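Asker: Handing over model-v3.cif, mmCIF, C-alpha atoms.
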```cif
data_data
loop_
_atom_site.label_atom_id
_atom_site.label_comp_id
_atom_site.auth_asym_id
_atom_site.auth_seq_id
_atom_site.Cartn_x
_atom_site.Cartn_y
_atom_site.Cartn_z
CA MET A 223 6.74 2.77 -72.62
CA SER A 224 4.86 4.75 -70.01
CA THR A 225 5.95 5.46 -66.45
CA LEU A 226 3.86 6.34 -63.39
CA HIS A 227 5.93 8.65 -61.18
CA VAL A 228 4.96 8.46 -57.51
CA LEU A 229 5.85 11.51 -55.40
CA SER A 230 5.35 11.67 -51.63
CA HIS A 231 7.43 14.73 -50.68
CA SER A 232 6.20 18.33 -50.54
CA PRO A 233 7.39 20.20 -53.65
CA PHE A 234 7.89 23.33 -51.52
CA THR A 235 10.80 21.86 -49.55
CA ASP A 236 12.16 19.39 -52.04
CA SER A 237 13.35 19.17 -55.65
CA ARG A 238 11.77 15.82 -56.56
CA LEU A 239 8.78 17.29 -58.40
CA ASP A 240 10.94 19.73 -60.40
CA SER A 241 13.31 16.95 -61.42
CA CYS A 242 10.45 14.62 -62.24
CA LEU A 243 8.79 17.21 -64.49
CA ARG A 244 12.08 17.80 -66.26
CA ILE A 245 12.41 14.17 -67.33
CA CYS A 246 8.72 13.28 -67.66
CA GLY A 247 7.86 11.66 -70.99
CA ALA A 248 4.71 12.43 -72.99
CA GLU A 249 3.09 9.12 -71.99
CA ASP A 250 3.96 9.45 -68.30
CA ALA A 251 1.75 10.40 -65.36
CA ILE A 252 2.37 11.66 -61.83
CA LEU A 253 0.67 10.34 -58.72
CA LEU A 254 0.83 12.60 -55.67
CA CYS A 255 0.51 11.04 -52.23
CA GLY A 256 1.45 11.95 -48.66
CA ASP A 257 2.96 15.46 -48.56
CA GLY A 258 3.34 15.11 -52.31
CA ALA A 259 -0.36 16.07 -52.40
CA TYR A 260 0.72 19.68 -51.72
CA GLY A 261 1.82 19.59 -55.34
CA LEU A 262 -1.82 20.48 -56.12
CA GLN A 263 -1.00 23.99 -54.81
CA ASN A 264 2.15 24.22 -56.91
CA ALA A 265 2.01 26.23 -60.10
CA ALA A 266 4.80 24.07 -61.56
CA LEU A 267 2.34 21.26 -62.25
CA GLN A 268 -0.20 23.41 -64.06
CA GLY A 269 -0.26 23.44 -67.84
CA LYS A 270 2.58 20.93 -68.17
CA GLY A 271 0.34 18.61 -70.14
CA VAL A 272 1.33 15.72 -67.91
CA LYS A 273 -1.45 13.65 -66.37
CA VAL A 274 -1.74 14.23 -62.61
CA PHE A 275 -3.41 12.02 -60.01
CA VAL A 276 -3.69 12.53 -56.28
CA LEU A 277 -4.49 9.97 -53.61
CA ALA A 278 -7.93 11.07 -52.34
CA GLU A 279 -7.36 10.50 -48.64
CA ASP A 280 -4.15 12.56 -48.66
CA SER A 281 -5.73 15.56 -50.41
CA GLN A 282 -8.81 15.30 -48.15
CA ALA A 283 -6.70 15.10 -44.99
CA ARG A 284 -4.96 18.31 -46.05
CA ASN A 285 -8.17 20.00 -47.25
CA LEU A 286 -6.66 20.61 -50.68
CA PRO A 287 -9.18 21.53 -53.39
CA LEU A 288 -8.93 19.38 -56.52
CA PRO A 289 -7.94 21.52 -59.49
CA ASP A 290 -9.44 20.71 -62.90
CA TRP A 291 -6.05 19.52 -64.18
CA ALA A 292 -5.84 16.68 -61.63
CA ASP A 293 -7.82 13.52 -60.92
CA SER A 294 -8.49 11.96 -57.56
CA VAL A 295 -8.00 8.20 -56.98
CA ASP A 296 -8.64 5.91 -54.01
CA TYR A 297 -6.35 2.99 -53.13
CA PRO A 298 -7.93 0.53 -55.60
CA GLY A 299 -7.53 3.30 -58.22
CA PHE A 300 -3.86 3.65 -57.22
CA VAL A 301 -3.36 -0.08 -57.75
CA GLN A 302 -5.14 0.10 -61.12
CA LEU A 303 -2.78 2.92 -62.21
CA CYS A 304 0.24 0.82 -61.25
CA VAL A 305 -1.11 -1.90 -63.55
CA ASP A 306 -2.06 0.46 -66.38
CA TYR A 307 1.40 2.01 -66.70
CA ASP A 308 4.35 -0.04 -67.93
CA LYS A 309 6.38 0.74 -64.83
CA VAL A 310 6.27 2.65 -61.58
CA ASN A 311 9.05 5.01 -60.56
CA THR A 312 8.79 5.91 -56.89
CA TRP A 313 10.84 8.98 -56.00
CA LEU A 314 12.08 7.71 -52.61
CA MET B 287 15.56 -12.75 -70.89
CA SER B 288 16.00 -10.89 -67.64
CA LYS B 289 14.37 -7.51 -67.17
CA SER B 290 16.49 -4.42 -67.55
CA LEU B 291 16.83 -2.01 -64.65
CA LEU B 292 17.66 1.68 -64.45
CA VAL B 293 18.86 2.95 -61.08
CA ILE B 294 18.60 6.72 -60.54
CA SER B 295 20.96 7.86 -57.80
CA ARG B 296 20.00 11.38 -56.70
CA GLN B 297 21.41 11.84 -53.21
CA ALA B 298 24.75 13.33 -52.21
CA PRO B 299 27.41 10.82 -51.11
CA TRP B 300 28.12 11.36 -47.41
CA SER B 301 24.96 12.43 -45.61
CA GLY B 302 23.01 9.17 -45.68
CA PRO B 303 22.93 5.61 -46.97
CA SER B 304 21.12 6.28 -50.27
CA ALA B 305 24.16 6.75 -52.51
CA ARG B 306 25.75 3.57 -51.13
CA GLU B 307 22.51 1.61 -51.46
CA ALA B 308 22.01 2.68 -55.07
CA LEU B 309 25.54 1.52 -55.87
CA ASP B 310 24.99 -1.80 -54.06
CA ILE B 311 21.88 -2.48 -56.14
CA VAL B 312 23.82 -1.77 -59.31
CA LEU B 313 26.79 -3.96 -58.33
CA ALA B 314 24.53 -6.84 -57.25
CA GLY B 315 22.62 -6.58 -60.52
CA GLY B 316 25.88 -6.56 -62.45
CA ALA B 317 27.10 -9.65 -60.62
CA PHE B 318 23.96 -11.42 -61.83
CA ASP B 319 24.45 -10.21 -65.39
CA LEU B 320 21.28 -8.06 -65.40
CA PRO B 321 21.12 -5.40 -68.10
CA ILE B 322 21.54 -2.41 -65.85
CA GLY B 323 21.94 1.35 -66.17
CA LEU B 324 22.96 3.95 -63.60
CA LEU B 325 21.93 7.60 -63.83
CA PHE B 326 23.24 10.30 -61.51
CA MET B 327 20.95 13.27 -61.13
CA ASP B 328 20.18 16.09 -58.66
CA ASP B 329 22.62 15.93 -55.72
CA GLY B 330 23.62 12.45 -56.90
CA VAL B 331 26.03 14.11 -59.34
CA PHE B 332 28.12 15.18 -56.33
CA GLN B 333 29.14 11.51 -56.09
CA LEU B 334 31.09 12.06 -59.30
CA ALA B 335 33.18 14.98 -58.05
CA SER B 336 36.88 14.15 -58.06
CA ASP B 337 39.33 13.89 -55.16
CA GLN B 338 36.79 13.53 -52.36
CA ASN B 339 38.07 12.22 -49.05
CA ALA B 340 35.80 9.56 -47.56
CA ARG B 341 38.23 8.90 -44.67
CA ALA B 342 37.65 12.42 -43.34
CA VAL B 343 34.12 11.31 -42.41
CA GLN B 344 35.10 7.70 -41.58
CA GLN B 345 33.30 6.23 -44.57
CA LYS B 346 34.20 3.86 -47.36
CA ASP B 347 35.50 5.39 -50.56
CA LEU B 348 32.45 5.56 -52.81
CA GLY B 349 34.50 7.18 -55.59
CA ALA B 350 36.89 4.21 -55.65
CA ASN B 351 33.90 1.84 -55.71
CA LEU B 352 32.44 3.69 -58.70
CA GLN B 353 35.65 3.05 -60.65
CA ALA B 354 34.86 -0.69 -60.45
CA LEU B 355 31.56 -0.38 -62.33
CA GLU B 356 33.10 -1.40 -65.64
CA LEU B 357 34.60 -4.56 -64.13
CA PHE B 358 31.16 -5.41 -62.77
CA GLY B 359 29.81 -5.22 -66.32
CA ILE B 360 28.07 -1.85 -65.88
CA ASP B 361 28.82 0.11 -69.03
CA ASP B 362 25.74 2.34 -69.09
CA VAL B 363 26.58 5.13 -66.67
CA PHE B 364 24.92 8.50 -67.21
CA ALA B 365 24.79 11.90 -65.56
CA CYS B 366 22.13 14.60 -65.85
CA ASN B 367 23.62 17.64 -67.62
CA HIS B 368 21.21 20.05 -65.94
CA SER B 369 22.12 18.76 -62.46
CA LEU B 370 25.84 19.10 -63.26
CA GLU B 371 25.46 22.61 -64.64
CA VAL B 372 23.48 24.12 -61.77
CA ARG B 373 26.08 22.71 -59.34
CA GLY B 374 29.01 24.05 -61.32
CA LEU B 375 30.40 20.58 -62.05
CA ASN B 376 32.07 19.50 -65.26
CA ALA B 377 30.89 16.39 -67.07
CA PRO B 378 32.97 13.55 -65.57
CA ALA B 379 34.86 11.12 -67.77
CA SER B 380 33.22 8.15 -66.06
CA ALA B 381 29.63 9.03 -67.04
CA GLN B 382 27.90 10.08 -70.23
CA GLY B 383 26.12 13.44 -69.89
CA LEU B 384 22.45 13.52 -70.92
CA GLY B 385 19.94 16.34 -71.46
CA SER B 386 16.42 16.17 -70.05
CA ASP B 387 14.83 14.84 -73.25
CA ALA B 388 17.48 12.13 -73.51
CA ILE B 389 16.74 11.12 -69.91
CA ALA B 390 13.02 10.81 -70.69
CA HIS B 391 13.96 8.45 -73.52
CA LEU B 392 16.35 6.61 -71.23
CA LEU B 393 13.47 5.79 -68.85
CA ASP B 394 11.58 4.35 -71.80
CA ARG B 395 14.41 1.97 -72.63
CA TYR B 396 14.38 0.12 -69.30
CA ASP B 397 11.79 -2.32 -67.98
CA GLN B 398 12.08 -1.10 -64.41
CA VAL B 399 13.28 2.01 -62.58
CA ILE B 400 14.46 2.48 -59.01
CA THR B 401 15.04 6.02 -57.75
CA LEU B 402 16.97 6.50 -54.52
CA MET C 36 33.46 -15.91 -31.17
CA ASN C 37 35.61 -17.39 -33.96
CA THR C 38 39.33 -17.00 -33.57
CA LEU C 39 42.44 -18.02 -35.43
CA THR C 40 45.71 -18.68 -33.65
CA VAL C 41 48.83 -17.75 -35.59
CA GLY C 42 52.06 -18.15 -33.63
CA ALA C 43 51.51 -16.24 -30.39
CA ARG C 44 48.66 -14.13 -31.78
CA CYS C 45 44.97 -14.83 -31.47
CA LEU C 46 42.98 -13.13 -34.24
CA GLU C 47 39.28 -12.42 -34.33
CA LEU C 48 37.21 -13.86 -37.19
CA ASP C 49 33.62 -13.12 -38.17
CA LYS C 50 30.94 -15.85 -38.33
CA ASP C 51 31.99 -16.77 -41.88
CA GLY C 52 35.68 -16.99 -40.98
CA TYR C 53 36.80 -13.65 -42.45
CA LEU C 54 39.26 -11.44 -40.59
CA VAL C 55 37.42 -8.83 -38.54
CA ASP C 56 40.37 -6.43 -38.69
CA LEU C 57 41.90 -6.32 -42.16
CA ASN C 58 45.14 -5.01 -40.64
CA ASP C 59 45.65 -8.41 -38.95
CA TRP C 60 46.55 -9.91 -42.33
CA SER C 61 50.04 -11.25 -43.04
CA VAL C 62 51.57 -14.05 -45.10
CA ASP C 63 51.50 -16.30 -42.02
CA VAL C 64 47.87 -15.45 -41.39
CA ALA C 65 47.00 -16.31 -45.01
CA ASN C 66 48.74 -19.68 -44.65
CA ALA C 67 46.87 -20.38 -41.41
CA LEU C 68 43.51 -19.39 -42.96
CA ALA C 69 44.28 -21.65 -45.93
CA ALA C 70 45.24 -24.57 -43.68
CA ALA C 71 41.89 -24.18 -41.90
CA GLU C 72 40.25 -24.63 -45.33
CA GLY C 73 42.43 -27.66 -46.08
CA LEU C 74 44.42 -25.75 -48.67
CA ALA C 75 48.21 -25.41 -49.11
CA LEU C 76 49.07 -22.14 -50.85
CA THR C 77 51.22 -22.40 -53.97
CA PRO C 78 52.72 -19.58 -56.07
CA ALA C 79 49.62 -19.84 -58.30
CA HIS C 80 47.46 -19.05 -55.27
CA TRP C 81 49.68 -16.21 -54.12
CA GLU C 82 49.50 -14.58 -57.52
CA ILE C 83 45.71 -14.31 -57.17
CA LEU C 84 45.82 -13.23 -53.52
CA GLU C 85 48.19 -10.40 -54.37
CA LEU C 86 45.97 -9.43 -57.27
CA LEU C 87 42.95 -9.32 -54.94
CA ARG C 88 44.74 -7.11 -52.46
CA GLY C 89 45.55 -4.81 -55.36
CA PHE C 90 41.89 -4.82 -56.41
CA TYR C 91 40.84 -3.88 -52.89
CA ALA C 92 43.41 -1.12 -52.67
CA GLU C 93 42.16 0.34 -55.94
CA PHE C 94 38.39 -0.07 -55.60
CA GLN C 95 37.84 -0.48 -51.83
CA LEU C 96 35.63 -3.52 -52.30
CA SER C 97 35.88 -7.29 -52.71
CA PRO C 98 34.97 -8.45 -56.20
CA ALA C 99 32.19 -10.92 -56.96
CA THR C 100 33.14 -13.83 -59.22
CA ARG C 101 32.63 -12.19 -62.61
CA PRO C 102 34.60 -9.02 -61.88
CA LEU C 103 37.32 -11.17 -60.28
CA ILE C 104 37.64 -13.20 -63.49
CA LYS C 105 37.59 -10.05 -65.61
CA TYR C 106 40.23 -8.32 -63.49
CA THR C 107 42.46 -11.42 -63.44
CA ALA C 108 42.23 -11.70 -67.22
CA LEU C 109 43.08 -8.02 -67.52
CA LYS C 110 46.16 -8.26 -65.27
CA LEU C 111 47.41 -11.83 -65.78
CA GLY C 112 45.96 -12.80 -69.15
CA PRO C 113 43.05 -15.04 -70.19
CA GLU C 114 44.83 -18.33 -69.38
CA LYS C 115 44.56 -17.36 -65.69
CA GLY C 116 41.55 -15.08 -65.86
CA ASN C 117 38.93 -17.77 -66.35
CA SER C 118 36.58 -19.62 -64.06
CA LEU C 119 38.23 -23.02 -64.56
CA HIS C 120 41.65 -21.86 -63.31
CA LEU C 121 40.20 -19.88 -60.38
CA ASN C 122 37.72 -22.58 -59.36
CA LYS C 123 40.51 -25.16 -59.35
CA LEU C 124 42.70 -23.03 -57.11
CA PHE C 125 39.98 -22.05 -54.64
CA ASN C 126 37.75 -25.09 -54.22
CA GLY C 127 35.06 -23.86 -56.59
CA THR C 128 34.27 -20.61 -54.77
CA PRO C 129 37.06 -18.24 -55.84
CA ALA C 130 35.37 -14.93 -54.95
CA LYS C 131 34.55 -15.94 -51.38
CA LEU C 132 37.53 -18.13 -50.53
CA ALA C 133 40.23 -16.01 -52.19
CA ALA C 134 38.85 -12.86 -50.53
CA LYS C 135 38.99 -14.65 -47.18
CA LEU C 136 42.60 -15.76 -47.66
CA ALA C 137 43.65 -12.33 -48.95
CA GLY C 138 42.27 -10.79 -45.77
CA LEU C 139 39.47 -8.87 -47.51
CA PRO C 140 35.86 -8.56 -46.36
CA ARG C 141 33.34 -11.06 -47.69
CA PRO C 142 32.22 -9.94 -51.17
CA THR C 143 28.96 -8.13 -50.43
CA ASN C 144 27.46 -8.64 -53.87
CA CYS C 145 28.17 -12.34 -54.00
CA LEU C 146 25.11 -14.08 -52.61
#
```
In structure tokens, write the structure found in this file.

Answerer:
Amino acid sequence: MSTLHVLSHSPFTDSRLDSCLRICGAEDAILLCGDGAYGLQNAALQGKGVKVFVLAEDSQARNLPLPDWADSVDYPGFVQLCVDYDKVNTWL
Amino acid sequence: MSKSLLVISRQAPWSGPSAREALDIVLAGGAFDLPIGLLFMDDGVFQLASDQNARAVQQKDLGANLQALELFGIDDVFACNHSLEVRGLNAPASAQGLGSDAIAHLLDRYDQVITL
Amino acid sequence: MNTLTVGARCLELDKDGYLVDLNDWSVDVANALAAAEGLALTPAHWEILELLRGFYAEFQLSPATRPLIKYTALKLGPEKGNSLHLNKLFNGTPAKLAAKLAGLPRPTNCL
């Protein structure tokens, strides 16, 4: 069973991303949105082998370059991800 | 067959409503006989510390409430070992300690997850 | 505002008829609350009300039906800890009505 983890808090002020990476399964993926998009600047996400998506408008608003280890999705893409994964875990 | 639910409670007990809300979801689910699991991680493990005094901050005794989980049919109560260790807490008797890999597998076992 | 008059005292009730201040509770208050529900309390009722007050003292919450049955069975045995016995005593809604008469808050997880 795969899980899409949705993170909307900056990883530089908050432990959600660290905790998420610790318990992330091999089939899981992470979607960054809101201040969670700053995760693109965080070395912790690099080379973890976990699939990373970012909501395009949030990375654009923050002028964050898209690294080669992440994919950008729009809102319809976000919805499609929610359908593709068995469940969604939003780190409120 | 009703869907199983894992609730991850990761906020400390007294600073906001999250810990209480996570417990309310679990108790409501238990009352409806849902297959339900509760995992304490990050600051959520502070909820498990013994001899806290809710009255000192004019709140209801969350620790006493947690003791009722078994009567509400909630037998699957877990705590994140890593979160306990970095906070200098011992594994509590009321929750089963799990390593990070075991938690990843735990997520797989449930149909739905709510993290508060 | 709902009120209940017991002797010379006038007690405040919430919209569902539960005591607003749990400290207002007494045996006389329980009898008055029961009378308002058309119920005369017998020793069999009192046994459950005392059990509920013990439950609240221990866990700081009012039990929903299933935990109430489980706890009653644990403390008083299965011949009392079952839905038939409790439903008969408390007009078919033991968790809500017994909590009310025992002076506890409405069970929050009992929809």

Asker: Which residues, written as an MDAnalysis selection string, have at least one atom at most 12 Å from Leu325 (chain B), with all atoms listed in the file counted and residues fewer than 3 positions away on the same chain left out?

Answerer: chainID B and resid 291:297 305 308:309 312 322 328:331 333:334 360:367 369 380:386 388:390 392:393 396 399:402

Asker: Applying 8 Å and all atoms listed in the file, which residues near Ala133 (chain C) remain after dropping the ones on its own chain fewer than 5 positions away? List them as a list in words.

Answerer: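 Here the qualifying residues turn out to be Ile83, Leu84, Leu87, Phe125 and Thr128 of chain C.
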
Asker: List every protein, DNA or RNA residue that has an atom no more than 10 Å from (2.2, 20.2, -53.4) in the file's coordinate frame, counting all atoms listed in the file, and report them as a ChimeraX atom specification.

Answerer: /A:229-235,239,254-267,281,286

Asker: Taking only C-alpha atoms into account, which residues of chain C are within 8 Å of chain B, as number ranges by chain?

Answerer: C: 93-96, 99-102, 105-106, 144-145

Asker: For chain A against chain B, which residues fall within 12 Å using all atoms listed in the file, given as JSON, numbers by chain?

Answerer: {"A": [223, 224, 225, 226, 227, 228, 229, 236, 237, 238, 239, 240, 241, 242, 243, 244, 245, 246, 247, 248, 249, 250, 307, 308, 309, 310, 311, 312, 313, 314]}

Asker: Filtering to C-alpha atoms, could you give me those residues as a PDB file, in the coordinates of the input?

Answerer:
```
ATOM      1  CA  MET A 223       6.740   2.770 -72.620  1.00  0.00           C
ATOM      2  CA  SER A 224       4.860   4.750 -70.010  1.00  0.00           C
ATOM      3  CA  THR A 225       5.950   5.460 -66.450  1.00  0.00           C
ATOM      4  CA  LEU A 226       3.860   6.340 -63.390  1.00  0.00           C
ATOM      5  CA  HIS A 227       5.930   8.650 -61.180  1.00  0.00           C
ATOM      6  CA  VAL A 228       4.960   8.460 -57.510  1.00  0.00           C
ATOM      7  CA  LEU A 229       5.850  11.510 -55.400  1.00  0.00           C
ATOM      8  CA  ASP A 236      12.160  19.390 -52.040  1.00  0.00           C
ATOM      9  CA  SER A 237      13.350  19.170 -55.650  1.00  0.00           C
ATOM     10  CA  ARG A 238      11.770  15.820 -56.560  1.00  0.00           C
ATOM     11  CA  LEU A 239       8.780  17.290 -58.400  1.00  0.00           C
ATOM     12  CA  ASP A 240      10.940  19.730 -60.400  1.00  0.00           C
ATOM     13  CA  SER A 241      13.310  16.950 -61.420  1.00  0.00           C
ATOM     14  CA  CYS A 242      10.450  14.620 -62.240  1.00  0.00           C
ATOM     15  CA  LEU A 243       8.790  17.210 -64.490  1.00  0.00           C
ATOM     16  CA  ARG A 244      12.080  17.800 -66.260  1.00  0.00           C
ATOM     17  CA  ILE A 245      12.410  14.170 -67.330  1.00  0.00           C
ATOM     18  CA  CYS A 246       8.720  13.280 -67.660  1.00  0.00           C
ATOM     19  CA  GLY A 247       7.860  11.660 -70.990  1.00  0.00           C
ATOM     20  CA  ALA A 248       4.710  12.430 -72.990  1.00  0.00           C
ATOM     21  CA  GLU A 249       3.090   9.120 -71.990  1.00  0.00           C
ATOM     22  CA  ASP A 250       3.960   9.450 -68.300  1.00  0.00           C
ATOM     23  CA  TYR A 307       1.400   2.010 -66.700  1.00  0.00           C
ATOM     24  CA  ASP A 308       4.350  -0.040 -67.930  1.00  0.00           C
ATOM     25  CA  LYS A 309       6.380   0.740 -64.830  1.00  0.00           C
ATOM     26  CA  VAL A 310       6.270   2.650 -61.580  1.00  0.00           C
ATOM     27  CA  ASN A 311       9.050   5.010 -60.560  1.00  0.00           C
ATOM     28  CA  THR A 312       8.790   5.910 -56.890  1.00  0.00           C
ATOM     29  CA  TRP A 313      10.840   8.980 -56.000  1.00  0.00           C
ATOM     30  CA  LEU A 314      12.080   7.710 -52.610  1.00  0.00           C
TER      31      LEU A 314
END
```

Asker: Skip Gly52 (chain C) itself and residues of its chain fewer than 2 positions away, then list as a list of chain:residue names all residues within 9 Å of it, counting only C-alpha atoms.

Answerer: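 Here the answer would be C:Asn37, C:Thr38, C:Leu39, C:Glu47, C:Leu48, C:Asp49, C:Lys50, C:Leu54, C:Val55, C:Leu68, C:Lys135.
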
Asker: Output C-alpha atoms for every residue in that selection, as a CSV table (one decimal), in the coordinates of the input.

Answerer:
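Below is the file that was written, out.csv:
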```csv
chain,number,residue,atom,x,y,z
C,37,ASN,CA,35.6,-17.4,-34.0
C,38,THR,CA,39.3,-17.0,-33.6
C,39,LEU,CA,42.4,-18.0,-35.4
C,47,GLU,CA,39.3,-12.4,-34.3
C,48,LEU,CA,37.2,-13.9,-37.2
C,49,ASP,CA,33.6,-13.1,-38.2
C,50,LYS,CA,30.9,-15.8,-38.3
C,54,LEU,CA,39.3,-11.4,-40.6
C,55,VAL,CA,37.4,-8.8,-38.5
C,68,LEU,CA,43.5,-19.4,-43.0
C,135,LYS,CA,39.0,-14.6,-47.2
```

Asker: Residue by residue, what does the PyMOL selection byres ((chain C and resi 137) around 12) grab here? Present the result as a ChimeraX atom specification.

Answerer: /C:53-54,57-69,76,80-92,97-98,125,129-136,138-142

Asker: In Å, how far is it from CA of Asp290 (chain A) to CA of Ala251 (chain A)?

Answerer: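 Taking CA of Asp290 (chain A) and CA of Ala251 (chain A), their separation equals 15.4 Å.
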
Asker: How many Å lie between CA of Val343 (chain B) and CA of Asp51 (chain C), rounded to one decimal?

Answerer: 28.2 Å

Asker: Between CA of Leu370 (chain B) and CA of Ser301 (chain B), measure the distance and give it in Å to one decimal.

Answerer: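 Result for CA of Leu370 (chain B) versus CA of Ser301 (chain B): 18.9 Å, one decimal.
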
Asker: Would you please work out which residue, of A:Glu279, A:Gln268, A:Leu253, A:Lys273, is nearest to Asp296 (chain A) when using all atoms listed in the file?

Answerer: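 Closest to Asp296 (chain A) of all the choices is A:Glu279.
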